[in-house]
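Asker: First the structure, which I've put down as structure tokens, then a few questions once you've had a look.
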Amino acid sequence: MTGAAGVPNAGADELARLDEACFPAPERWSAAAWDGELRAGDRIIGVRRVGGRLVAAATVQVVAGDADLHRILVDPAHRGRGLARDLLTEMVDRASRRAGRMLLEVRPDNLAALALYRGAGFAVIARRASYYGPGVDALVMELALVSHPEGQAGKGADPRPDAGLSTGVCHAGGEPREETP
Ligand SMILES: CC(C)(COP(=O)(O)OP(=O)(O)OC[C@H]1O[C@@H](n2cnc3c(N)ncnc32)[C@H](O)[C@@H]1OP(=O)(O)O)[C@@H](O)C(=O)NCCC(=O)NCCS
């Protein structure tokens with residue numbers, strides 16, 4: 001669900017309210033953080049509504065042929081009904097027009113998200129020590145976006161585990177960070 005200019009029919013305040021329902025305090029994004037996502041020119045943002053109410057959202061940043069899944073979240077009252085799978089499919093489809101792979105980072109103990117990503121075809125390619133805080137690692141996952149004519153994942157890419165990865169994907173551990181090229 002997007003508006004005429006590709007901006008979703010959702011405001012930063014209601015996105016922040018959804019975020020508050022989905023994440024514990026230290027991991028929440030404020031309305032200002034969501035406003036930054038909405039205003040950034042390189043994001044792909046998708047939302048889902050039920051009865052007019054915002055119940056799910058996802059945001060992806062596309063930089064230099066890589067799509068980074070910044071966040072995907074579903075209202076707890078609407079989980080387990082395929083909303084995240086559907087939204088992730090939309091994100092992958094839209095990103096595949098502009099990127100060769102999608103990356104994300106996820107806490108190893110976020111079993112629901114891990115199962116969602118694995119089910120969508122993502123594979124773990126690296127582990128970042130203490131990414132979410134002391135002793136809390138992040139798993140880096142990757143999906144080749146095969147419909148992109150220049151899809152590169154797994155095809156001669158730099159074999160180093162962290163090669164070419166940006167520094168702040170799937171920010172389930174706090175406010176979004178801007179990557180430095
Ligand atoms: C992760 C999250 C987005 C899943 O949303 P959802 O709409 O309930 O997921 P779906 O109903 O689309 O389920 C898709 C798949 O995800 C996995 N999954 C979803 N919830 C799960 C759970 N509680 N336990 C295990 N696997 C789960 C399953 O593989 C499922 O496929 P299946 O139904 O064939 O088994 C949701 O739990 C959420 O918002 N969590 C908090 C925010 C978060 O951690 N986001 C990810 C990091 S940014």
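Numbering starts fresh at 1 for the residues of each chain in the structure tokens, the chains themselves are lettered A, B, ... in the order given, and ligands are numbered from 1 as they appear.
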Applying 8 Å and only C-alpha atoms, which residues near stretch 83-97 of chain A remain after dropping the ones on its own chain fewer than 4 positions away? List them as a PyMOL selection string.
Answerer: chain A and resi 44-48+56-60+62+67+72-74+78-79+101-102+116+120+145-148
Asker: Just to be explicit: take each residue in the selection above, keep C-alpha atoms, and write the result as a compact mmCIF listing (two decimals), in the first residue's frame.
Answerer:
# COMPACT_ATOMS: atom_id res chain seq x y z
CA ILE A 44 11.17 1.21 0.02
CA ILE A 45 8.38 1.20 2.59
CA GLY A 46 5.36 -1.05 2.68
CA VAL A 47 2.44 -1.19 5.08
CA ARG A 48 -0.63 -3.30 5.73
CA ALA A 56 2.23 -4.03 9.73
CA ALA A 57 5.12 -2.15 8.17
CA ALA A 58 8.51 -2.77 6.60
CA THR A 59 11.28 -0.49 5.42
CA VAL A 60 14.21 -1.26 3.14
CA VAL A 62 18.68 0.50 -1.32
CA ALA A 67 18.88 -3.66 -0.33
CA ILE A 72 9.63 -5.42 9.61
CA LEU A 73 6.96 -5.47 12.27
CA VAL A 74 3.43 -6.76 12.78
CA HIS A 78 -2.38 -9.70 13.98
CA ARG A 79 0.59 -12.06 14.03
CA ARG A 101 20.68 -8.82 -3.01
CA MET A 102 18.87 -8.09 0.21
CA LEU A 116 10.31 -15.76 8.64
CA ALA A 120 11.73 -16.43 2.47
CA LEU A 145 17.35 -10.96 -5.71
CA VAL A 146 17.25 -13.15 -8.76
CA SER A 147 14.93 -11.08 -10.89
CA HIS A 148 17.46 -8.24 -10.94
Asker: For the atom pair atom CA of A:Ala16 and atom CA of A:Ser30, what is the interatomic distance in Å to one decimal place?
Answerer: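 About the pair atom CA of A:Ala16 and atom CA of A:Ser30: they are 5.5 Å apart.
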Asker: May I ask for the distance between atom 32 (P, counted along the ligand's line) of ligand 1 and atom CA of A:Glu27, given in Å to one decimal place?
Answerer: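 Atom CA of A:Glu27 lies 24.8 Å from atom 32 (P, counted along the ligand's line) of ligand 1.
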Asker: Neighbours of A:Ala10 within 12 Å (only C-alpha atoms; same-chain residues fewer than 2 positions away dropped), as a PyMOL selection string?
Answerer: chain A and resi 1-3+6-8+12-18+31+34-35+37-38+45-49+52-58
Asker: Generate a file of the selected residues that holds N, CA and C atoms, formatted as a tab-separated table (two decimals), in the first residue's frame.
Answerer:
chain	number	residue	atom	x	y	z
A	1	MET	N	0.86	-1.19	0.00
A	1	MET	CA	0.00	0.00	0.00
A	1	MET	C	0.89	1.23	0.00
A	2	THR	N	0.92	1.92	-1.12
A	2	THR	CA	1.75	3.11	-1.21
A	2	THR	C	0.97	4.24	-1.86
A	3	GLY	N	1.38	5.46	-1.59
A	3	GLY	CA	0.75	6.63	-2.19
A	3	GLY	C	1.32	6.87	-3.58
A	6	GLY	N	5.03	6.80	-4.06
A	6	GLY	CA	5.74	5.68	-3.48
A	6	GLY	C	5.87	5.77	-1.98
A	7	VAL	N	5.33	6.83	-1.39
A	7	VAL	CA	5.35	6.98	0.06
A	7	VAL	C	4.11	6.31	0.63
A	8	PRO	N	4.25	5.45	1.62
A	8	PRO	CA	3.08	4.72	2.11
A	8	PRO	C	2.04	5.64	2.73
A	12	ALA	N	4.38	9.17	10.35
A	12	ALA	CA	5.41	8.78	11.31
A	12	ALA	C	4.82	8.48	12.68
A	13	ASP	N	3.78	9.22	13.07
A	13	ASP	CA	3.20	9.00	14.41
A	13	ASP	C	2.55	7.63	14.52
A	14	GLU	N	1.79	7.24	13.51
A	14	GLU	CA	1.13	5.93	13.62
A	14	GLU	C	2.13	4.80	13.43
A	15	LEU	N	3.17	5.03	12.64
A	15	LEU	CA	4.23	4.02	12.53
A	15	LEU	C	4.94	3.85	13.88
A	16	ALA	N	5.16	4.98	14.58
A	16	ALA	CA	5.81	4.90	15.89
A	16	ALA	C	4.90	4.19	16.90
A	17	ARG	N	3.59	4.39	16.80
A	17	ARG	CA	2.67	3.68	17.71
A	17	ARG	C	2.72	2.18	17.44
A	18	LEU	N	2.76	1.80	16.17
A	18	LEU	CA	2.89	0.37	15.84
A	18	LEU	C	4.21	-0.16	16.37
A	31	ALA	N	8.85	8.52	16.55
A	31	ALA	CA	8.22	9.14	15.38
A	31	ALA	C	9.27	9.86	14.54
A	34	TRP	N	11.02	7.29	12.41
A	34	TRP	CA	10.17	6.87	11.30
A	34	TRP	C	10.02	8.00	10.28
A	35	ASP	N	9.97	9.22	10.76
A	35	ASP	CA	9.90	10.35	9.84
A	35	ASP	C	11.13	10.37	8.93
A	37	GLU	N	12.82	7.77	8.00
A	37	GLU	CA	12.64	6.71	6.99
A	37	GLU	C	11.74	7.19	5.87
A	38	LEU	N	10.64	7.84	6.25
A	38	LEU	CA	9.66	8.29	5.25
A	38	LEU	C	10.25	9.35	4.33
A	45	ILE	N	9.17	1.40	1.38
A	45	ILE	CA	8.38	1.20	2.59
A	45	ILE	C	7.04	0.61	2.21
A	46	GLY	N	6.65	-0.43	2.92
A	46	GLY	CA	5.36	-1.05	2.68
A	46	GLY	C	4.59	-1.15	3.98
A	47	VAL	N	3.27	-1.08	3.88
A	47	VAL	CA	2.44	-1.19	5.08
A	47	VAL	C	1.24	-2.09	4.79
A	48	ARG	N	0.62	-2.56	5.84
A	48	ARG	CA	-0.63	-3.30	5.73
A	48	ARG	C	-1.62	-2.71	6.74
A	49	ARG	N	-2.88	-2.63	6.33
A	49	ARG	CA	-3.94	-2.15	7.22
A	49	ARG	C	-5.03	-3.20	7.30
A	52	GLY	N	-8.69	-0.35	8.19
A	52	GLY	CA	-8.17	1.02	8.21
A	52	GLY	C	-7.04	1.23	9.20
A	53	ARG	N	-6.83	0.26	10.09
A	53	ARG	CA	-5.81	0.43	11.13
A	53	ARG	C	-4.47	-0.14	10.66
A	54	LEU	N	-3.41	0.62	10.89
A	54	LEU	CA	-2.07	0.16	10.51
A	54	LEU	C	-1.67	-1.02	11.38
A	55	VAL	N	-1.38	-2.17	10.76
A	55	VAL	CA	-1.04	-3.35	11.55
A	55	VAL	C	0.32	-3.94	11.18
A	56	ALA	N	0.92	-3.49	10.11
A	56	ALA	CA	2.23	-4.03	9.73
A	56	ALA	C	2.97	-3.02	8.87
A	57	ALA	N	4.30	-3.06	8.97
A	57	ALA	CA	5.12	-2.15	8.17
A	57	ALA	C	6.49	-2.78	7.95
A	58	ALA	N	7.13	-2.34	6.88
A	58	ALA	CA	8.51	-2.77	6.60
A	58	ALA	C	9.21	-1.65	5.86
Asker: Could you check how far atom CA of A:Arg28 sits from atom 39 (O, counted along the ligand's line) of ligand 1, in Å to one decimal?
Answerer: 11.9 Å
Asker: Between A:Leu114, A:Ala25, A:Ala138, A:Ala32, which one has atoms that come closest to ligand 1, using only C-alpha atoms and all ligand atoms?
Answerer: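 Once distances to ligand 1 are computed over only C-alpha atoms and all ligand atoms, the minimum belongs to A:Leu114.
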Asker: Give me, as a PyMOL selection string, the residues of stretch 7-151 of chain A that a backbone DSSP run labels strand (DSSP E or B).
Answerer: chain A and resi 43-50+53-63+66-74+101-106+123-128+138-144
Asker: Hey, can you spit out that residue selection with N, CA and C atoms as a CSV table (one decimal), in the first residue's frame?
Answerer:
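Here's the written file out-v8.csv:
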chain,number,residue,atom,x,y,z
A,43,ARG,N,14.5,4.8,0.4
A,43,ARG,CA,13.8,3.7,1.1
A,43,ARG,C,12.7,3.1,0.3
A,44,ILE,N,12.4,1.9,0.5
A,44,ILE,CA,11.2,1.2,0.0
A,44,ILE,C,10.4,0.9,1.3
A,45,ILE,N,9.2,1.4,1.4
A,45,ILE,CA,8.4,1.2,2.6
A,45,ILE,C,7.0,0.6,2.2
A,46,GLY,N,6.7,-0.4,2.9
A,46,GLY,CA,5.4,-1.1,2.7
A,46,GLY,C,4.6,-1.2,4.0
A,47,VAL,N,3.3,-1.1,3.9
A,47,VAL,CA,2.4,-1.2,5.1
A,47,VAL,C,1.2,-2.1,4.8
A,48,ARG,N,0.6,-2.6,5.8
A,48,ARG,CA,-0.6,-3.3,5.7
A,48,ARG,C,-1.6,-2.7,6.7
A,49,ARG,N,-2.9,-2.6,6.3
A,49,ARG,CA,-3.9,-2.1,7.2
A,49,ARG,C,-5.0,-3.2,7.3
A,50,VAL,N,-5.7,-3.3,8.4
A,50,VAL,CA,-6.9,-4.1,8.6
A,50,VAL,C,-7.9,-3.2,9.2
A,53,ARG,N,-6.8,0.3,10.1
A,53,ARG,CA,-5.8,0.4,11.1
A,53,ARG,C,-4.5,-0.1,10.7
A,54,LEU,N,-3.4,0.6,10.9
A,54,LEU,CA,-2.1,0.2,10.5
A,54,LEU,C,-1.7,-1.0,11.4
A,55,VAL,N,-1.4,-2.2,10.8
A,55,VAL,CA,-1.0,-3.4,11.5
A,55,VAL,C,0.3,-3.9,11.2
A,56,ALA,N,0.9,-3.5,10.1
A,56,ALA,CA,2.2,-4.0,9.7
A,56,ALA,C,3.0,-3.0,8.9
A,57,ALA,N,4.3,-3.1,9.0
A,57,ALA,CA,5.1,-2.1,8.2
A,57,ALA,C,6.5,-2.8,7.9
A,58,ALA,N,7.1,-2.3,6.9
A,58,ALA,CA,8.5,-2.8,6.6
A,58,ALA,C,9.2,-1.7,5.9
A,59,THR,N,10.5,-1.5,6.1
A,59,THR,CA,11.3,-0.5,5.4
A,59,THR,C,12.6,-1.1,5.0
A,60,VAL,N,13.0,-0.7,3.8
A,60,VAL,CA,14.2,-1.3,3.1
A,60,VAL,C,15.0,-0.1,2.6
A,61,GLN,N,16.3,-0.1,2.7
A,61,GLN,CA,17.1,1.0,2.1
A,61,GLN,C,17.9,0.3,0.9
A,62,VAL,N,17.9,1.0,-0.2
A,62,VAL,CA,18.7,0.5,-1.3
A,62,VAL,C,19.9,1.4,-1.6
A,63,VAL,N,21.1,0.8,-1.4
A,63,VAL,CA,22.3,1.6,-1.6
A,63,VAL,C,23.3,0.8,-2.5
A,66,ASP,N,22.6,-2.9,-3.1
A,66,ASP,CA,22.3,-3.7,-2.0
A,66,ASP,C,21.0,-3.2,-1.3
A,67,ALA,N,20.1,-4.0,-1.1
A,67,ALA,CA,18.9,-3.7,-0.3
A,67,ALA,C,19.0,-4.1,1.1
A,68,ASP,N,18.9,-3.2,2.1
A,68,ASP,CA,19.0,-3.6,3.5
A,68,ASP,C,17.7,-3.5,4.1
A,69,LEU,N,17.2,-4.6,4.7
A,69,LEU,CA,15.9,-4.6,5.4
A,69,LEU,C,16.1,-4.0,6.7
A,70,HIS,N,15.6,-2.8,6.9
A,70,HIS,CA,15.8,-2.0,8.2
A,70,HIS,C,14.9,-2.5,9.3
A,71,ARG,N,13.7,-2.9,8.9
A,71,ARG,CA,12.7,-3.2,9.9
A,71,ARG,C,11.5,-3.9,9.3
A,72,ILE,N,10.9,-4.9,10.0
A,72,ILE,CA,9.6,-5.4,9.6
A,72,ILE,C,8.9,-5.7,10.9
A,73,LEU,N,7.7,-5.3,11.0
A,73,LEU,CA,7.0,-5.5,12.3
A,73,LEU,C,5.5,-5.6,12.0
A,74,VAL,N,4.9,-6.5,12.9
A,74,VAL,CA,3.4,-6.8,12.8
A,74,VAL,C,2.8,-6.6,14.2
A,101,ARG,N,20.9,-8.0,-4.2
A,101,ARG,CA,20.7,-8.8,-3.0
A,101,ARG,C,20.0,-8.0,-1.9
A,102,MET,N,19.4,-8.7,-1.0
A,102,MET,CA,18.9,-8.1,0.2
A,102,MET,C,19.6,-8.6,1.4
A,103,LEU,N,20.0,-7.7,2.3
A,103,LEU,CA,20.7,-8.1,3.5
A,103,LEU,C,19.8,-7.7,4.7
A,104,LEU,N,20.1,-8.3,5.9
A,104,LEU,CA,19.4,-7.9,7.1
A,104,LEU,C,20.3,-8.4,8.3
A,105,GLU,N,20.0,-7.9,9.4
A,105,GLU,CA,20.6,-8.4,10.6
A,105,GLU,C,19.5,-8.7,11.6
A,106,VAL,N,19.7,-9.7,12.4
A,106,VAL,CA,18.7,-10.2,13.3
A,106,VAL,C,19.4,-10.8,14.5
A,123,ALA,N,19.7,-16.7,3.9
A,123,ALA,CA,20.7,-17.6,4.5
A,123,ALA,C,21.7,-16.7,5.4
A,124,VAL,N,22.2,-17.3,6.5
A,124,VAL,CA,23.1,-16.6,7.3
A,124,VAL,C,24.5,-16.6,6.6
A,125,ILE,N,25.1,-15.4,6.5
A,125,ILE,CA,26.4,-15.3,5.9
A,125,ILE,C,27.5,-14.8,6.8
A,126,ALA,N,27.1,-14.2,8.0
A,126,ALA,CA,28.1,-13.7,8.9
A,126,ALA,C,27.4,-13.5,10.3
A,127,ARG,N,28.3,-13.4,11.3
A,127,ARG,CA,27.8,-13.1,12.6
A,127,ARG,C,28.6,-11.9,13.1
A,128,ARG,N,27.9,-10.9,13.6
A,128,ARG,CA,28.6,-9.7,14.1
A,128,ARG,C,28.5,-9.7,15.6
A,138,ALA,N,24.7,-10.2,16.3
A,138,ALA,CA,23.7,-10.2,15.2
A,138,ALA,C,24.1,-11.2,14.2
A,139,LEU,N,23.1,-11.9,13.6
A,139,LEU,CA,23.3,-12.7,12.4
A,139,LEU,C,23.0,-11.9,11.2
A,140,VAL,N,23.9,-11.9,10.2
A,140,VAL,CA,23.7,-11.2,9.0
A,140,VAL,C,23.2,-12.2,8.0
A,141,MET,N,22.0,-11.9,7.4
A,141,MET,CA,21.4,-12.8,6.4
A,141,MET,C,21.3,-12.2,5.1
A,142,GLU,N,21.3,-13.0,4.0
A,142,GLU,CA,21.4,-12.5,2.7
A,142,GLU,C,20.4,-13.3,1.8
A,143,LEU,N,19.8,-12.6,0.9
A,143,LEU,CA,18.9,-13.2,-0.1
A,143,LEU,C,19.3,-12.6,-1.5
A,144,ALA,N,19.6,-13.5,-2.5
A,144,ALA,CA,19.9,-13.0,-3.8
A,144,ALA,C,18.6,-12.6,-4.4
Asker: Which of these, A:Gly100, A:Ala21, A:Arg39, A:Leu111, has the shortest distance to ligand 1 once you count only C-alpha atoms and all ligand atoms?
Answerer: A:Leu111
Asker: From a backbone DSSP assignment, name each residue in stretch 62-151 of chain A labelled helix (DSSP H, G or I), as a list in words.
Answerer: Pro76, Ala77, His78, Leu83, Ala84, Arg85, Asp86, Leu87, Leu88, Thr89, Glu90, Met91, Val92, Asp93, Arg94, Ala95, Leu111, Ala112, Ala113, Leu114, Ala115, Leu116, Tyr117, Arg118 and Gly119 of chain A
Asker: Save the residues we just selected, N, CA and C atoms, as a compact mmCIF listing (two decimals), in the first residue's frame?
Answerer:
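As written to disk, again-v2.txt reads:
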# COMPACT_ATOMS: atom_id res chain seq x y z
N PRO A 76 1.08 -7.25 17.44
CA PRO A 76 0.96 -8.56 18.08
C PRO A 76 -0.42 -9.21 17.89
N ALA A 77 -1.47 -8.39 17.82
CA ALA A 77 -2.82 -8.94 17.68
C ALA A 77 -3.08 -9.51 16.29
N HIS A 78 -2.16 -9.26 15.37
CA HIS A 78 -2.38 -9.70 13.98
C HIS A 78 -1.27 -10.62 13.50
N LEU A 83 0.92 -12.02 7.52
CA LEU A 83 1.12 -10.61 7.13
C LEU A 83 2.59 -10.30 6.86
N ALA A 84 3.47 -10.76 7.73
CA ALA A 84 4.90 -10.48 7.54
C ALA A 84 5.43 -11.17 6.30
N ARG A 85 5.01 -12.41 6.09
CA ARG A 85 5.48 -13.13 4.89
C ARG A 85 5.04 -12.38 3.63
N ASP A 86 3.79 -11.92 3.64
CA ASP A 86 3.26 -11.19 2.48
C ASP A 86 4.00 -9.87 2.27
N LEU A 87 4.25 -9.16 3.35
CA LEU A 87 4.94 -7.87 3.26
C LEU A 87 6.39 -8.06 2.83
N LEU A 88 7.04 -9.09 3.36
CA LEU A 88 8.43 -9.36 2.97
C LEU A 88 8.51 -9.72 1.49
N THR A 89 7.54 -10.49 1.02
CA THR A 89 7.49 -10.83 -0.41
C THR A 89 7.38 -9.56 -1.25
N GLU A 90 6.55 -8.63 -0.79
CA GLU A 90 6.41 -7.35 -1.51
C GLU A 90 7.74 -6.59 -1.50
N MET A 91 8.40 -6.55 -0.35
CA MET A 91 9.67 -5.82 -0.24
C MET A 91 10.72 -6.42 -1.17
N VAL A 92 10.79 -7.76 -1.20
CA VAL A 92 11.76 -8.45 -2.06
C VAL A 92 11.45 -8.15 -3.53
N ASP A 93 10.18 -8.18 -3.86
CA ASP A 93 9.79 -7.94 -5.25
C ASP A 93 10.15 -6.51 -5.66
N ARG A 94 9.82 -5.55 -4.82
CA ARG A 94 10.10 -4.15 -5.16
C ARG A 94 11.61 -3.88 -5.19
N ALA A 95 12.33 -4.46 -4.24
CA ALA A 95 13.78 -4.23 -4.18
C ALA A 95 14.50 -4.87 -5.35
N LEU A 111 13.41 -15.85 17.24
CA LEU A 111 13.12 -17.07 16.49
C LEU A 111 12.04 -16.87 15.44
N ALA A 112 11.05 -16.01 15.75
CA ALA A 112 9.98 -15.77 14.78
C ALA A 112 10.56 -15.10 13.53
N ALA A 113 11.39 -14.08 13.74
CA ALA A 113 11.98 -13.38 12.61
C ALA A 113 12.92 -14.30 11.82
N LEU A 114 13.72 -15.08 12.55
CA LEU A 114 14.64 -16.01 11.87
C LEU A 114 13.86 -16.98 10.98
N ALA A 115 12.75 -17.52 11.51
CA ALA A 115 11.96 -18.47 10.73
C ALA A 115 11.32 -17.77 9.53
N LEU A 116 10.87 -16.54 9.75
CA LEU A 116 10.31 -15.76 8.64
C LEU A 116 11.34 -15.59 7.53
N TYR A 117 12.55 -15.18 7.90
CA TYR A 117 13.58 -14.90 6.91
C TYR A 117 14.04 -16.19 6.21
N ARG A 118 14.23 -17.25 7.00
CA ARG A 118 14.65 -18.52 6.39
C ARG A 118 13.58 -19.00 5.42
N GLY A 119 12.33 -18.85 5.81
CA GLY A 119 11.23 -19.29 4.94
C GLY A 119 11.19 -18.51 3.64
